[in-house]
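A quick write-up on the structure given underneath.
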Amino acid sequence: VKVTLWGTRGSLAAPGADTVRYGGNTSCVSVEGPEGTLLVLDAGTGIRNLGRNLPEDLNRVDILLTHLHMDHLQGLPFFAPIRNPDIETHVWGPASTMLSLKSRLQRYVSPPLFPVSVRDLAPRLFFHELSLEMFEIGEFDIAAQLVIHPNPTVGYRIIHHGKAVTYLPDHEPMLGARKFPRSPQWTSGYDLAAKADLLIHDTQYSPDEYQDRVGFGHSNMVQAFEFAALADVNRFVPFHHDPTHSDDQLDQMILDAMREVAPGFGVTPGQEGTKINLAD
Amino acid sequence: MAQQEVEVILARHLAEHLALPVFIIDPQGNLIFFNEPAEAVLGLRFGDTGLMPASEWSTMFEPMDQAGKPIAPEELPLVIAMTQGHPEHKAFWIRGSDFKTRQIELTAFPLLGQSGRISGAVSIFWEVTK
């Protein structure tokens, strides 16, 4: 299974000289199975580059949205395969009792916020509301569960022959908790992350910054490391970086968290372009 | 024990910050949390009881009406909220483990999430003091 980080930034794209290593594109990760199944996790601005690096014989792509905040959607109209009539694009996302997934997406991808409507843009686009039960796409088994973040938001656990990749890009499991981490039973996202081979998790803030941003839906770097330790993961990728954080700041934040938590797992900084192979 | 659903976790986090007594049950009717103000009314500590099945909690507080007639579990607001999926309110009497009889008013509501799933029910109650 090949995991590639196409966009690691949160909230807003942040290109510039001081974000070259970690990247400026917003959330997008691809997960490719050995039989060719392609899953795309979120459709932030990073998805545009993914669309330019796909196999020529691709005939289906599945985009798994965690939620519908702009930084996870903004790249969708610029993902080349959705305009290709030879490729089926399936979009999965959390259900709502108020509006269908398609209707909610169309609020963004339609005038006056966007010049073209979804139906005019994509000839073979299909929408699926998540049932929160295990489901299959190609060679992958997938679990989706609601997690703590404003508006319905899910995380994903993607399983291939016993190997698990967990994706929790926007997650504030410590919100309102009197202490953190607490027991697994009372920790949002625990079941998705437990003993994952690879955990990609929100680390948007430093511990100091978090004090003024409680309830914004994001974790601080140290708490995210503590969550990874509670879940006993094998490898951790700090992800969804705040747009104001430079490469040097992110290096330091990760180092500080590693000193404080002394993790017993591997750490791969969430840098755009990083490829991680999980062997069966 | 498996992780609780996120609506239940958030309900507990909220309950821990409230001065009102709060009870939370899971879809099977098990009492999975009550907060410190509820401990004071019930005369029990959650840390001591842990999870309690419906058959246990629905009778241990001896819920009764004004005439002293026991209230069946299926008539309790928390059970109605969970099984019928709508809010319910009731005034009744309970007897805590300290053997004191207290009149309470209780409002219960289901944790009906945006996915359409009911992941538990919450009751907020208060002692009626004359």
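So you can find residues: chains in the structure tokens are A, B, ... in the order shown, residues in each start at 1, and ligands are numbered from 1 in order.
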
Pick out the chain A residues within 6 Å of chain B. Count only C-alpha atoms. Give them as a tab-separated table (two decimals) with N, CA, C and O atoms, in the first residue's frame.
chain	number	residue	atom	x	y	z
A	95	ALA	N	-23.00	12.00	6.29
A	95	ALA	CA	-24.40	12.30	6.02
A	95	ALA	C	-24.88	13.42	6.93
A	95	ALA	O	-24.27	13.73	7.94
A	96	SER	N	-25.96	14.03	6.52
A	96	SER	CA	-26.62	15.04	7.34
A	96	SER	C	-28.11	14.79	7.28
A	96	SER	O	-28.62	14.30	6.26
A	97	THR	N	-28.82	15.10	8.35
A	97	THR	CA	-30.27	14.94	8.31
A	97	THR	C	-30.94	16.10	7.57
A	97	THR	O	-32.13	16.06	7.31
A	147	VAL	N	-16.02	12.12	14.50
A	147	VAL	CA	-15.02	12.53	15.49
A	147	VAL	C	-15.29	13.99	15.88
A	147	VAL	O	-16.08	14.68	15.24
A	176	GLY	N	-13.16	19.82	25.93
A	176	GLY	CA	-14.05	19.66	27.07
A	176	GLY	C	-13.62	18.60	28.07
A	176	GLY	O	-14.22	18.49	29.13
A	177	ALA	N	-12.60	17.82	27.74
A	177	ALA	CA	-12.19	16.75	28.65
A	177	ALA	C	-11.46	17.35	29.85
A	177	ALA	O	-10.64	18.25	29.70
A	185	GLN	N	-12.10	4.36	26.02
A	185	GLN	CA	-13.56	4.35	25.87
A	185	GLN	C	-14.13	5.75	25.68
A	185	GLN	O	-15.13	5.94	25.01
A	186	TRP	N	-13.47	6.74	26.29
A	186	TRP	CA	-13.99	8.10	26.27
A	186	TRP	C	-13.10	9.03	25.45
A	186	TRP	O	-13.04	10.24	25.71
A	188	SER	N	-12.44	10.34	21.63
A	188	SER	CA	-12.85	10.42	20.23
A	188	SER	C	-11.73	9.91	19.32
A	188	SER	O	-10.56	10.27	19.52

Neighbours of Ile24 of chain B within 6 Å (only C-alpha atoms; same-chain residues fewer than 5 positions away dropped), as an NGL selection string?
:B and (31-33 or 121-122)

Going by DSSP on the backbone, which bits of segment 57-247 of chain A are strand (DSSP E or B)? Write them as number ranges by chain, please.
A: 60-64, 88-93, 125-129, 135-137, 140-146, 154-160, 163-168, 198-202, 205, 220, 235-239, 241

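Among the candidate residues A:Leu146, A:Val31, A:Leu192, A:Ala164, the one lying nearest to Ser119 of chain B is A:Leu146, with distances computed using only C-alpha atoms.
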
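Rounded to one decimal, atom CA of Glu75 of chain B and atom CA of Asp98 of chain B lie 24.1 Å from each other.
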
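Restricting the calculation to only C-alpha atoms, the smallest distance between Leu106 of chain B and any of B:Leu18, B:Ala72, B:Leu51, B:Leu78 is found for B:Leu78.
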
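Proximity to Leu39 of chain A at 10 Å, evaluated using only C-alpha atoms and with sequence-adjacent residues fewer than 4 positions away removed, yields A:Val3, A:Val29, A:Ser30, A:Val31, A:Glu32, A:Gly33, A:Arg60, A:Val61, A:Asp62, A:Ile63, A:Leu64, A:His90, A:Ile137, A:Gly138, A:Phe140, A:Ile158.
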
Take the residues just selected and output them with C-alpha atoms as a compact mmCIF listing (two decimals), in the first residue's frame.
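Saved result, out05.txt, follows:
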# COMPACT_ATOMS: atom_id res chain seq x y z
CA VAL A 3 0.46 6.50 0.84
CA VAL A 29 -3.59 12.17 0.69
CA SER A 30 -3.71 9.28 -1.74
CA VAL A 31 -3.76 5.62 -0.76
CA GLU A 32 -3.02 3.15 -3.56
CA GLY A 33 -3.44 -0.58 -3.27
CA ARG A 60 -12.28 4.88 -11.25
CA VAL A 61 -11.24 7.07 -8.33
CA ASP A 62 -12.87 7.31 -4.88
CA ILE A 63 -12.61 10.55 -2.93
CA LEU A 64 -13.27 10.16 0.78
CA HIS A 90 -17.09 8.59 -6.48
CA ILE A 137 -13.87 -0.06 -2.01
CA GLY A 138 -11.87 -2.32 -4.29
CA PHE A 140 -9.74 -1.93 0.87
CA ILE A 158 -8.35 2.00 5.78

Once DSSP has gone over the backbone, tell me which residues of segment 54-224 of chain A are in helix (DSSP H, G or I), as a PyMOL selection string.
chain A and resi 70-72+76-78+80-83+101-108+118-121+184-186+190-193+207-210+221-224

Residue contacts of Ser58 of chain B (10 Å, only C-alpha atoms) excluding same-chain residues fewer than 6 positions away, as JSON, numbers by chain
{"B": [29, 30, 31, 52, 71, 72, 73, 74, 76, 78, 79]}

Need the shell around Arg95 of chain B: protein/DNA/RNA residues with any atom at most 9 Å away, counting only C-alpha atoms. Skip same-chain ones fewer than 2 positions apart. Format as a compact mmCIF listing (two decimals) with C-alpha atoms, in the first residue's frame?
# COMPACT_ATOMS: atom_id res chain seq x y z
CA LEU B 42 -28.32 9.88 44.11
CA MET B 60 -32.21 0.96 42.44
CA PHE B 61 -33.40 4.53 42.87
CA GLU B 62 -36.95 3.24 43.45
CA PRO B 63 -38.69 5.73 41.14
CA MET B 64 -42.28 6.25 42.28
CA TRP B 93 -39.86 10.71 43.44
CA SER B 97 -28.73 5.02 48.57
CA ASP B 98 -28.86 7.35 51.60
CA PHE B 99 -32.55 6.25 51.95
CA LYS B 100 -33.79 9.82 51.55
CA THR B 101 -36.85 10.31 49.32
CA ARG B 102 -36.53 13.24 46.95
CA GLN B 103 -38.92 14.78 44.45

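Once Lys90 of chain B and its same-chain neighbours fewer than 6 positions away are set aside, Leu76, Pro77, Ile104, Glu105, Leu106, Thr107 and Ala108 of chain B remain within 9 Å of it when counting only C-alpha atoms.
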
Quote the spacing between atom CA of Phe135 of chain A and atom CA of Ser103 of chain A in Å to one decimal place.
23.0 Å

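The coordinates place atom CA of Asp141 of chain A at 12.8 Å from atom CA of Leu38 of chain A.
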
For segment 200-216 of chain A, find every residue with an atom within 9 Å (counting only C-alpha atoms), except residues of its own chain fewer than 2 positions away, and show them as an NGL selection string.
:A and (9-10 or 149-150 or 165-172 or 175-176 or 198 or 218-225 or 228 or 235-243 or 245 or 253 or 270)

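With only C-alpha atoms as the atoms that count, the residue of A:Asn84, A:Asn234, A:Ser11, A:Ser246 with the shortest distance to Asp197 of chain A is A:Asn234.
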
Which is closest to Gly75 of chain A among A:Ala143, A:Ala193, A:Leu12, A:Ile87, if we use only C-alpha atoms?
A:Leu12
